[in-house]
Structures are given as structure tokens and as C-alpha cells.
Amino acid sequence: MSNPYSPPENSSGLSDSKINNTQPVLELWNPEAAACWSLVFTPIFGSLIISKNWRRIGNVEEAAYAKNWVYISLIAVLGLIVFPFASLIGSVGQFLPIAFLLLWYFSSVKRQAKYLKNELVVYQKKGWLRPLAISSPILFAGFLLTTISIPVNLPNDLAYPGLEDKVKELVNQIIQEQFKQTTTCTDMEIERIAEGRFYGTATLNDGSKFNVNVTQMSTQILVELSPDARQLFFEKAICTTAVELVNKIRLKSLQLDPLCISVQDLEKLNETNYHAVAVMSDQTELPISIDVDGVQMFVQIVESE
């Protein structure tokens, strides 16, 4: 008589051994960790990791999309090395790398992290030793390359767009407001001597040239005329004032014609005295003596012997 409490007999003919239906666990790198490592190794590293993850998942299209970010990141990193973005557009340029990192993170990293979460993908986290060991020498070599590489001399209009026009505008403002001159700066040549510092050569509409020092501070541009330039405009101011004084002298003596139209050949005799030639409207010339005493100026027509 059989025992009613005994287990049922195996009528299938199969052994009692357990059948293993466990599939291999998917091994992936954590995309969020890849983003963190990319702060050091650039998004080129992170994009490669994200692309390899997609291939392991079996999504070829997403893998290709992630790989496109490898090329985009490579171009961005090379551009950051070659082109001084901070100098190009002032303080705004300092935030371009941060903006690029955020764009890459939300377009690629977050995309994969969201997929793994929504699809409930169970995976085993891969270690970082091998990818970091491969990337570290490359990063170090890139660092050496950027520190010992020969600087690229960019054309001024490319490296600092609009700087020459801005400096020319400021020079004209100084000429008009400080020296009360109608002379204008028609051409400006800028040469970079250090980060944010420039040396310029200004050309006036009368052919005169002088030097200026330019300092670029964030969004501000400071222009300082050289001592020679200040002396040039000081002498121009003397000549302009001398024209008015010569005509006043002739007006007092009822000599209305010809009028003085310019003062030329200014010659400095000492700290306060000058000799010059007054050119009249009929092209005759009168020698004059000029005495500059502080803010006052005196002109005397030198009578010819």
C-alpha cells in the first residue's frame, strides 16, 4: 500500500537535478559615473563609454548617436586649445566649456540613464580601471602638447573682432573732448603684447601717427595715449589757438584781410616759448612768437626787419 503523504513520482523521466535558466548578466558602465569622469578626461571619454554601453544593449542607432558626440567633443576640445574663447568675447567665453558640458550631459548621458531606468534594465557595473588606465596617458600627452606647443598667431580681426574700430572710436573721443581738436583718427593697427594688453598705432587724417596703449578688462577697453601723442595734440592745440589770436590781433589793428588760416612750423624754444609761422589766406607768411603760461597763451606777430 502506497503512502498517501509521499511525493509524486517523476513520470517525465527527467532527473531531479535543477535546470539552470539564468541568462548572462549585462555588463555596463554607469553613465552618470562616466559623466563625472568626463570632467577630467573630457566628454570624448564619456561619449566613448556611452557608445559602448549602447552597443552592449544592442541599440545600434543610439550607439551611433553617442559616437557622434565623440567627434563633436574632439572638435570642441581642439577649438578650446587653439582659439582663446575667453579673449574672443570677454567674460562670456569662460562659460562656453560649461555650457558645452551641460548640453552633452542632457543630450547623451541623461538619455542613456533615463533609458536604463525606464526599461528596468538590470546590469552589472563594469569597473573603471581599464578605461582610466588607457585614457590617463592620452590625457597626460595632450596636456604636454598644449603646454609646449607653439602659440598660434591669429589675425587681429579674428582673435579680437571689432577691437580696432572700438579703439579708434575711443581715440577720437579723447581727441575731441580732451584736446578740443577736429582731427580724426582714420586708421588703427593693433598688436597683442600680452593677455588683454595691446600696442596700437593710430594714423590721423593729416597723416600724423602716434602710439596708444590698450588694455582689455572683461567688457571694458582702456585706451591711453603715449607721451608723444599728448605732446602732438598739445602742439596742435597751440597752433589752433594761435590762429584765433593772430586774427584777433589783426582785427584790433583793422587788418581784416587776409585772415590767418593755419599756424605751421611750431618750434619750441624753451619750456614756455615757441616760434611759428602764421599762414594767411593769400598764402603769405608771418612769423609769430607764442608764450604759453599755464592755461593762458599769448601771441605776438614778429615784425620783419
# chains A, B, ... in the order shown; residues from 1 in each chain; ligands from 1
$ residues_around --residues "range 298-303 of chain A" --least-positions-apart "6" --cutoff "7 Å" --atoms "only C-alpha atoms" --output "list in words"
Ala242, Leu245, Val246, Pro287, Ile288, Ser289, Ile290, Asp291 and Val292 of chain A
$ write_last_selection --atoms "N, CA, C and O atoms" --output "mmCIF file, in the first residue's frame"
data_model
loop_
_atom_site.group_PDB
_atom_site.id
_atom_site.type_symbol
_atom_site.label_atom_id
_atom_site.label_comp_id
_atom_site.auth_asym_id
_atom_site.auth_seq_id
_atom_site.Cartn_x
_atom_site.Cartn_y
_atom_site.Cartn_z
ATOM 1 N N ALA A 242 46.508 129.661 -31.668
ATOM 2 C CA ALA A 242 47.313 130.747 -32.245
ATOM 3 C C ALA A 242 46.631 131.354 -33.463
ATOM 4 O O ALA A 242 46.723 132.573 -33.694
ATOM 5 N N LEU A 245 44.136 133.822 -32.158
ATOM 6 C CA LEU A 245 44.758 135.007 -31.566
ATOM 7 C C LEU A 245 45.371 135.916 -32.630
ATOM 8 O O LEU A 245 45.316 137.155 -32.507
ATOM 9 N N VAL A 246 45.960 135.335 -33.670
ATOM 10 C CA VAL A 246 46.521 136.158 -34.754
ATOM 11 C C VAL A 246 45.416 136.964 -35.426
ATOM 12 O O VAL A 246 45.573 138.169 -35.712
ATOM 13 N N PRO A 287 55.878 135.530 -39.331
ATOM 14 C CA PRO A 287 56.498 134.886 -38.164
ATOM 15 C C PRO A 287 55.814 135.360 -36.882
ATOM 16 O O PRO A 287 55.494 136.548 -36.748
ATOM 17 N N ILE A 288 55.563 134.440 -35.975
ATOM 18 C CA ILE A 288 54.910 134.797 -34.715
ATOM 19 C C ILE A 288 55.668 134.184 -33.548
ATOM 20 O O ILE A 288 56.383 133.188 -33.695
ATOM 21 N N SER A 289 55.502 134.804 -32.393
ATOM 22 C CA SER A 289 56.079 134.305 -31.149
ATOM 23 C C SER A 289 54.930 133.900 -30.229
ATOM 24 O O SER A 289 53.944 134.642 -30.089
ATOM 25 N N ILE A 290 55.047 132.738 -29.624
ATOM 26 C CA ILE A 290 53.973 132.205 -28.779
ATOM 27 C C ILE A 290 54.524 131.968 -27.382
ATOM 28 O O ILE A 290 55.592 131.368 -27.213
ATOM 29 N N ASP A 291 53.787 132.442 -26.391
ATOM 30 C CA ASP A 291 54.173 132.254 -24.989
ATOM 31 C C ASP A 291 53.031 131.529 -24.279
ATOM 32 O O ASP A 291 51.902 132.032 -24.241
ATOM 33 N N VAL A 292 53.316 130.343 -23.748
ATOM 34 C CA VAL A 292 52.310 129.540 -23.053
ATOM 35 C C VAL A 292 52.608 129.596 -21.562
ATOM 36 O O VAL A 292 53.658 129.138 -21.101
#
$ closest_residue --among "A:Val223, A:Leu80, A:Ile134, A:Val109" --to "Tyr65 in chain A" --atoms "only C-alpha atoms"
A:Val109
$ select_by_dssp --residues "range 167-273 of chain A" --states "strand (DSSP E)" --output "JSON, numbers by chain"
{"A": [185, 186, 187, 188, 189, 190, 191, 192, 193, 194, 197, 198, 199, 200, 201, 202, 203, 204, 209, 210, 211, 212, 213, 214, 215, 216, 217, 220, 221, 222, 223, 224, 225, 260, 261, 262, 263, 264, 265, 266, 267, 268, 273]}
$ write_last_selection --atoms "N, CA and C atoms" --output "short mmCIF file (atom, residue, chain, number, x, y, z; two decimals), in the first residue's frame"
data_model
loop_
_atom_site.label_atom_id
_atom_site.label_comp_id
_atom_site.auth_asym_id
_atom_site.auth_seq_id
_atom_site.Cartn_x
_atom_site.Cartn_y
_atom_site.Cartn_z
N CYS A 185 41.06 110.21 -36.10
CA CYS A 185 41.85 109.00 -36.36
C CYS A 185 41.16 108.21 -37.46
N THR A 186 41.87 107.95 -38.53
CA THR A 186 41.28 107.25 -39.68
C THR A 186 41.73 105.80 -39.80
N ASP A 187 42.81 105.45 -39.11
CA ASP A 187 43.30 104.07 -39.21
C ASP A 187 43.95 103.67 -37.89
N MET A 188 43.76 102.39 -37.53
CA MET A 188 44.32 101.89 -36.27
C MET A 188 44.86 100.48 -36.50
N GLU A 189 46.12 100.29 -36.13
CA GLU A 189 46.75 98.97 -36.20
C GLU A 189 47.02 98.48 -34.78
N ILE A 190 46.54 97.27 -34.48
CA ILE A 190 46.65 96.72 -33.13
C ILE A 190 47.58 95.51 -33.13
N GLU A 191 48.46 95.47 -32.13
CA GLU A 191 49.35 94.33 -31.94
C GLU A 191 49.26 93.85 -30.50
N ARG A 192 49.01 92.57 -30.32
CA ARG A 192 48.88 92.00 -28.98
C ARG A 192 50.26 91.77 -28.38
N ILE A 193 50.47 92.28 -27.16
CA ILE A 193 51.75 92.11 -26.48
C ILE A 193 51.64 91.20 -25.27
N ALA A 194 50.44 91.01 -24.75
CA ALA A 194 50.21 90.10 -23.62
C ALA A 194 48.71 89.86 -23.54
N ARG A 197 46.44 92.89 -23.21
CA ARG A 197 47.20 94.12 -23.41
C ARG A 197 47.64 94.22 -24.87
N PHE A 198 47.52 95.44 -25.42
CA PHE A 198 47.79 95.64 -26.83
C PHE A 198 48.58 96.94 -27.03
N TYR A 199 49.27 96.97 -28.17
CA TYR A 199 50.03 98.15 -28.57
C TYR A 199 49.47 98.60 -29.91
N GLY A 200 49.06 99.86 -30.00
CA GLY A 200 48.42 100.33 -31.21
C GLY A 200 49.14 101.50 -31.84
N THR A 201 48.97 101.62 -33.16
CA THR A 201 49.49 102.77 -33.91
C THR A 201 48.33 103.44 -34.61
N ALA A 202 48.09 104.70 -34.24
CA ALA A 202 46.97 105.46 -34.80
C ALA A 202 47.48 106.39 -35.89
N THR A 203 46.70 106.49 -36.96
CA THR A 203 47.01 107.40 -38.07
C THR A 203 45.89 108.43 -38.19
N LEU A 204 46.26 109.72 -38.19
CA LEU A 204 45.27 110.78 -38.28
C LEU A 204 45.00 111.15 -39.73
N LYS A 209 51.06 110.23 -37.05
CA LYS A 209 50.94 108.93 -36.39
C LYS A 209 51.42 109.03 -34.95
N PHE A 210 50.80 108.24 -34.10
CA PHE A 210 51.22 108.18 -32.70
C PHE A 210 50.81 106.82 -32.14
N ASN A 211 51.36 106.51 -30.97
CA ASN A 211 51.14 105.21 -30.35
C ASN A 211 50.14 105.30 -29.21
N VAL A 212 49.43 104.20 -29.00
CA VAL A 212 48.47 104.11 -27.90
C VAL A 212 48.67 102.77 -27.19
N ASN A 213 48.38 102.76 -25.91
CA ASN A 213 48.38 101.53 -25.12
C ASN A 213 46.93 101.14 -24.83
N VAL A 214 46.60 99.88 -25.08
CA VAL A 214 45.22 99.41 -24.94
C VAL A 214 45.20 98.27 -23.93
N THR A 215 44.25 98.34 -23.00
CA THR A 215 44.05 97.28 -22.02
C THR A 215 42.60 96.83 -22.09
N GLN A 216 42.41 95.52 -22.27
CA GLN A 216 41.06 94.96 -22.33
C GLN A 216 40.75 94.28 -21.01
N MET A 217 39.76 94.80 -20.29
CA MET A 217 39.36 94.27 -18.99
C MET A 217 37.91 93.84 -19.08
N GLN A 220 35.34 95.99 -20.75
CA GLN A 220 35.80 97.36 -20.86
C GLN A 220 37.12 97.42 -21.62
N ILE A 221 37.32 98.53 -22.33
CA ILE A 221 38.56 98.78 -23.06
C ILE A 221 39.11 100.12 -22.60
N LEU A 222 40.35 100.11 -22.11
CA LEU A 222 41.01 101.33 -21.66
C LEU A 222 42.07 101.72 -22.68
N VAL A 223 42.05 102.98 -23.09
CA VAL A 223 42.99 103.50 -24.08
C VAL A 223 43.79 104.63 -23.46
N GLU A 224 45.10 104.53 -23.57
CA GLU A 224 45.99 105.57 -23.04
C GLU A 224 46.93 106.04 -24.15
N LEU A 225 46.94 107.35 -24.38
CA LEU A 225 47.82 107.90 -25.40
C LEU A 225 49.25 107.95 -24.87
N CYS A 260 44.32 134.74 -41.06
CA CYS A 260 45.21 133.61 -40.77
C CYS A 260 44.40 132.31 -40.87
N ILE A 261 44.89 131.37 -41.65
CA ILE A 261 44.16 130.11 -41.84
C ILE A 261 44.85 128.93 -41.14
N SER A 262 46.13 129.08 -40.83
CA SER A 262 46.82 128.00 -40.13
C SER A 262 48.12 128.51 -39.54
N VAL A 263 48.62 127.76 -38.56
CA VAL A 263 49.92 128.05 -37.96
C VAL A 263 50.77 126.80 -38.11
N GLN A 264 51.94 126.97 -38.69
CA GLN A 264 52.80 125.83 -39.00
C GLN A 264 54.21 126.05 -38.46
N ASP A 265 55.02 125.00 -38.63
CA ASP A 265 56.45 125.05 -38.26
C ASP A 265 56.64 125.49 -36.81
N LEU A 266 55.86 124.88 -35.92
CA LEU A 266 55.98 125.21 -34.50
C LEU A 266 57.32 124.71 -33.98
N GLU A 267 58.08 125.62 -33.37
CA GLU A 267 59.40 125.28 -32.85
C GLU A 267 59.47 125.69 -31.38
N LYS A 268 59.82 124.74 -30.55
CA LYS A 268 59.89 125.00 -29.12
C LYS A 268 61.25 125.60 -28.77
N ASN A 273 58.11 129.10 -24.39
CA ASN A 273 58.15 129.93 -25.60
C ASN A 273 58.30 129.08 -26.86
#
$ residues_around --residues "Pro43 in chain A" --least-positions-apart "4" --cutoff "12 Å" --atoms "only C-alpha atoms" --output "ChimeraX atom specification"
/A:31,34-39,47-51,66-77,97-98,100-105,107-109,135
$ closest_residue --among "A:Val122, A:Val60, A:Ile138, A:Ala237" --to "Thr42 in chain A" --atoms "only C-alpha atoms"
A:Ile138
